[in-house]
Amino acid sequence: MEHQTVCAICGEAASHKCSACENVYYCGKKHQKEDWKRHVAACKSFKLAENPTLGRHYIATRKIKVGEIILKDDRPLIAGPMHNSVPVCLRCYTVLNKNIAIPCPKCGWPLCQNCKDHGPECEFTSSRRDDKVSITEFGFPHPSYQCINVIKALSMKDTNPKTYAKLLSLESHCNRIKEKDSFVFEDPLNILHFIRRFFKTDDIPDEDITKIVGILQVNGHEVPLTELPFVAVYELASLLEHACRANCSKSFTDESGLIIHAAIPIAKGDHISICYTDPLWGTANRRHHLSQTKFFECICDRCKDPTEFGVMFNSIKCTKMDCIGYMLPKTFLDQKQKNYICATCELEMAYDKVEEVLEKIGVDLASMRKHDVTACKEFLNRYKNVLHPNHFYIIDVTIALAQLIGQENRGLQIVNEDLLIEKIELCKKLNDLLKILAPAENRIRGLILFEMHAALAEFSRRHIEEDTLVLLLEAKKCLVEAYQLLKQEPKVLPEGKIADKAKQNLQEVDGILKRLNSKAGNLR
């Protein structure tokens, strides 16, 4: 029996418990192994809950440790090209051009030279058209590809009814979609009309098509495993709720599966969340994106706090002469846009005026030379008296700069001392900020920590007469954390390769530390 300190197999006193759920005890490893087949079904760290505001969502049933895997979807319910895809192979998502595109002999959708067949859209197309599909234009988004994922889903009704039922059980927000005047992604009516013109679908109700469009948009994850990302919908992960400061990270497997793991300690009773948008966007941009693509107004703790937990991620410098304060609106949640107010002198600035300033800075950022340390430094210097040092535009450029320093020419070995120190300080600032603002951003945090370790290691190499041991220990600490953050990333991604490099570098750092300790011991 669970929740008592006796062995679940023999009933004897037991102190050994399941390390995953911590709810069942055993007298030893032997009985734990014997009970696993029975216990595995109940050994979950969360339960499904439901309320009128959130709908279905997950709540932790016990403490969850940082890094613990909470759930896995081994494969998506459905996967296919992005809504605005250029012509790609429908098997492997290789970007096609006229020299390598080979039409499928059955349906006409183009494949690459290495793929001979593709998904359920083939049978759907060949059985519902008098002629084959003909794609002759390549290199730019093709309107025909907007229907692929919808017809993949529609074909499941007959070929895979269980998966089709699971897909239809997910949230579509059909009612809210109808209220929207514009669409960031697919307009259901446009896709409906396209499918009606392109295929024989008199037997398929309009409601089925528009519901599937909504499900794909609301629940789709961008999967970056191929040359161009594709979109996938997962069964378990679709019930995770959103928070702009999420407590969980997601990683993809090499086989297109999805892993959700804890980014911060999660207490029993906490809601389990991931971020549906870019957490490094400003509040207004995040909320607009969620409203337009996921059809809800975000009121998470981060969005409710205009200071973003004191980070001042959206604030601008007060325009009053000699005032050292910063300006923010009282809230970003009100439908009526609020003026920005200085926290020091209470000077007000119209919301529209602030947006005008930010739009100009955004245009400047978009046109900035890429992969250029000098351009980054010029941008930061140009707006240091306009934006807060933690403003999202400043942080965007700071992330780029922290990674660029040392990537030019022959690497960190030829970077001058001042720039090397600047890289270390920038990485530390970013890591500290991200831990407050977006602790679940494992990929960017892992990369920043890896860069910081490299800079610290280089600095210690140049200053062997100083406390090299302290610097190397700090570099090792960064490296260990970087590996922990990135170890779930697939090997096809840069982050997965960095994880392997971090593991290799750890062995090298440990070897150096061992030699230094041995040398110090011999000198004593």
# chains A, B, ... in the order shown; residues from 1 in each chain; ligands from 1
$ residues_around --residues "Gln413 in chain A" --least-positions-apart "3" --cutoff "8 Å" --atoms "only C-alpha atoms" --output "short mmCIF file (atom, residue, chain, number, x, y, z; two decimals) with C-alpha atoms, in the first residue's frame"
data_model
loop_
_atom_site.label_atom_id
_atom_site.label_comp_id
_atom_site.auth_asym_id
_atom_site.auth_seq_id
_atom_site.Cartn_x
_atom_site.Cartn_y
_atom_site.Cartn_z
CA GLY A 406 36.00 35.59 -29.60
CA ARG A 410 41.31 32.91 -34.45
CA GLU A 458 41.33 31.85 -21.44
#
$ select_by_dssp --residues "range 268-371 of chain A" --states "strand (DSSP E)" --output "ChimeraX atom specification"
/A:273-274,316-317,326-328,340-342,348-349
$ residues_around --residues "Leu71 in chain A" --least-positions-apart "4" --cutoff "10 Å" --atoms "only C-alpha atoms" --output "list in words"
Lys44, Ser45, Phe46, Leu236, Ala237, Lys250, Leu258, Ile259, Ile260, His261 and Ala262 of chain A
$ residues_around --residues "range 312-326 of chain A" --least-positions-apart "2" --cutoff "6 Å" --atoms "only C-alpha atoms" --output "VMD selection string"
chain A and resid 282 307 to 308 310 328 342 344 386 to 388 390 to 392
$ select_by_dssp --residues "range 384-513 of chain A" --states "helix (DSSP H, G or I)" --output "ChimeraX atom specification"
/A:392-404,412-414,417-437,442-462,468-486,494-513
$ closest_atom_pairs --of "range 18-113 of chain A" --to "range 203-225 of chain A" --cutoff "10 Å" --atoms "only C-alpha atoms" --output "Markdown table"
| residue | atom | partner | partner_atom | distance |
| --- | --- | --- | --- | --- |
| A:Pro76 | CA | A:His221 | CA | 9.8 |
| A:Ile78 | CA | A:Leu216 | CA | 8.9 |
| A:Ala79 | CA | A:Gly220 | CA | 8.8 |
| A:Gly80 | CA | A:Val223 | CA | 9.9 |
| A:Pro81 | CA | A:Glu222 | CA | 9.6 |
| A:Met82 | CA | A:Glu222 | CA | 7.9 |
| A:His83 | CA | A:Gln217 | CA | 9.2 |
| A:Tyr93 | CA | A:Leu225 | CA | 9.6 |
$ closest_residue --among "A:Leu471, A:Cys18, A:Cys10, A:Ile395" --to "Leu437 in chain A" --atoms "only C-alpha atoms"
A:Ile395
$ residues_around --residues "Phe296 in chain A" --least-positions-apart "5" --cutoff "12 Å" --atoms "only C-alpha atoms" --output "list in words"
Thr53, Leu54, Gly55, Glu171, Ser172, His173, Cys174, Asn175, Arg176, Ile177, Glu179, Lys180, Val218, Glu241, His242, Ala243, Tyr276, Arg286, Arg287, His288, His289, Leu290 and Ser291 of chain A
$ closest_residue --among "A:Arg382, A:Lys353, A:Arg245, A:His453" --to "Asp305 in chain A" --atoms "only C-alpha atoms"
A:Arg245
$ residues_around --residues "Cys115 in chain A" --least-positions-apart "4" --cutoff "10 Å" --atoms "only C-alpha atoms" --output "PDB file with N, CA, C and O atoms, in the first residue's frame"
ATOM      1  N   CYS A  89      10.532  18.526 -49.254  1.00  0.00           N
ATOM      2  CA  CYS A  89      10.209  17.103 -49.333  1.00  0.00           C
ATOM      3  C   CYS A  89       9.279  16.764 -48.175  1.00  0.00           C
ATOM      4  O   CYS A  89       9.587  17.079 -47.013  1.00  0.00           O
ATOM      5  N   LEU A  90       8.166  16.114 -48.457  1.00  0.00           N
ATOM      6  CA  LEU A  90       7.186  15.823 -47.407  1.00  0.00           C
ATOM      7  C   LEU A  90       7.557  14.591 -46.581  1.00  0.00           C
ATOM      8  O   LEU A  90       6.814  14.227 -45.675  1.00  0.00           O
ATOM      9  N   ARG A  91       8.685  13.986 -46.861  1.00  0.00           N
ATOM     10  CA  ARG A  91       9.197  12.906 -46.010  1.00  0.00           C
ATOM     11  C   ARG A  91      10.252  13.426 -45.044  1.00  0.00           C
ATOM     12  O   ARG A  91      10.188  13.196 -43.850  1.00  0.00           O
ATOM     13  N   CYS A  92      11.264  14.160 -45.559  1.00  0.00           N
ATOM     14  CA  CYS A  92      12.408  14.557 -44.718  1.00  0.00           C
ATOM     15  C   CYS A  92      12.545  16.066 -44.551  1.00  0.00           C
ATOM     16  O   CYS A  92      13.427  16.527 -43.835  1.00  0.00           O
ATOM     17  N   THR A  94      13.607  18.294 -46.559  1.00  0.00           N
ATOM     18  CA  THR A  94      14.682  18.941 -47.297  1.00  0.00           C
ATOM     19  C   THR A  94      14.087  20.036 -48.188  1.00  0.00           C
ATOM     20  O   THR A  94      13.064  19.817 -48.852  1.00  0.00           O
ATOM     21  N   ILE A 102      11.526  15.697 -57.217  1.00  0.00           N
ATOM     22  CA  ILE A 102      10.981  14.595 -58.017  1.00  0.00           C
ATOM     23  C   ILE A 102       9.525  14.388 -57.610  1.00  0.00           C
ATOM     24  O   ILE A 102       9.254  14.046 -56.448  1.00  0.00           O
ATOM     25  N   CYS A 104       6.073  12.844 -56.649  1.00  0.00           N
ATOM     26  CA  CYS A 104       5.611  11.519 -56.231  1.00  0.00           C
ATOM     27  C   CYS A 104       4.790  10.924 -57.387  1.00  0.00           C
ATOM     28  O   CYS A 104       3.869  11.572 -57.892  1.00  0.00           O
ATOM     29  N   PRO A 110       6.039  16.997 -54.551  1.00  0.00           N
ATOM     30  CA  PRO A 110       7.460  16.739 -54.813  1.00  0.00           C
ATOM     31  C   PRO A 110       8.196  16.182 -53.601  1.00  0.00           C
ATOM     32  O   PRO A 110       7.937  16.571 -52.458  1.00  0.00           O
ATOM     33  N   LEU A 111       9.121  15.278 -53.876  1.00  0.00           N
ATOM     34  CA  LEU A 111      10.005  14.695 -52.870  1.00  0.00           C
ATOM     35  C   LEU A 111      11.440  14.983 -53.279  1.00  0.00           C
ATOM     36  O   LEU A 111      11.711  15.413 -54.400  1.00  0.00           O
TER      37      LEU A 111
END
$ closest_atom_pairs --of "range 162-261 of chain A" --to "range 493-505 of chain A" --cutoff "12 Å" --atoms "only C-alpha atoms" --output "JSON lines"
{"residue": "A:Val223", "atom": "CA", "partner": "A:Leu493", "partner_atom": "CA", "distance": 10.8}
{"residue": "A:Pro224", "atom": "CA", "partner": "A:Leu493", "partner_atom": "CA", "distance": 7.8}
{"residue": "A:Leu225", "atom": "CA", "partner": "A:Leu493", "partner_atom": "CA", "distance": 6.8}
{"residue": "A:Thr226", "atom": "CA", "partner": "A:Leu493", "partner_atom": "CA", "distance": 9.1}
{"residue": "A:Glu227", "atom": "CA", "partner": "A:Leu493", "partner_atom": "CA", "distance": 10.5}
{"residue": "A:Pro229", "atom": "CA", "partner": "A:Leu493", "partner_atom": "CA", "distance": 11.5}
{"residue": "A:Ser251", "atom": "CA", "partner": "A:Gly496", "partner_atom": "CA", "distance": 10.2}
{"residue": "A:Phe252", "atom": "CA", "partner": "A:Leu493", "partner_atom": "CA", "distance": 9.7}
{"residue": "A:Thr253", "atom": "CA", "partner": "A:Leu493", "partner_atom": "CA", "distance": 10.1}
{"residue": "A:Asp254", "atom": "CA", "partner": "A:Leu493", "partner_atom": "CA", "distance": 9.2}
$ closest_residue --among "A:Ala402, A:Ile414, A:Leu516, A:Met327" --to "Lys429 in chain A" --atoms "only C-alpha atoms"
A:Ala402
$ closest_residue --among "A:Leu419, A:Val95, A:Cys112, A:Cys107" --to "Arg128 in chain A" --atoms "only C-alpha atoms"
A:Cys107
$ closest_residue --among "A:Ser169, A:Ser460, A:Thr398, A:Gln335" --to "Lys377 in chain A" --atoms "only C-alpha atoms"
A:Thr398
$ residues_around --residues "Asn442 in chain A" --least-positions-apart "4" --cutoff "7 Å" --atoms "only C-alpha atoms" --output "PyMOL selection string"
chain A and resi 249+446+485-486
$ write_last_selection --atoms "N, CA, C and O atoms" --output "compact mmCIF listing (two decimals), in the first residue's frame"
# COMPACT_ATOMS: atom_id res chain seq x y z
N SER A 249 11.14 23.36 -19.16
CA SER A 249 11.77 23.51 -20.48
C SER A 249 11.35 22.35 -21.36
O SER A 249 10.98 21.29 -20.87
N GLY A 446 22.39 27.82 -21.44
CA GLY A 446 23.49 26.88 -21.60
C GLY A 446 24.58 27.43 -22.49
O GLY A 446 25.78 27.29 -22.20
N LEU A 485 22.16 21.96 -18.49
CA LEU A 485 21.09 22.65 -19.20
C LEU A 485 20.90 22.12 -20.63
O LEU A 485 19.79 22.14 -21.16
N LEU A 486 21.98 21.63 -21.23
CA LEU A 486 21.94 21.27 -22.65
C LEU A 486 21.94 19.77 -22.93
O LEU A 486 21.80 19.36 -24.08
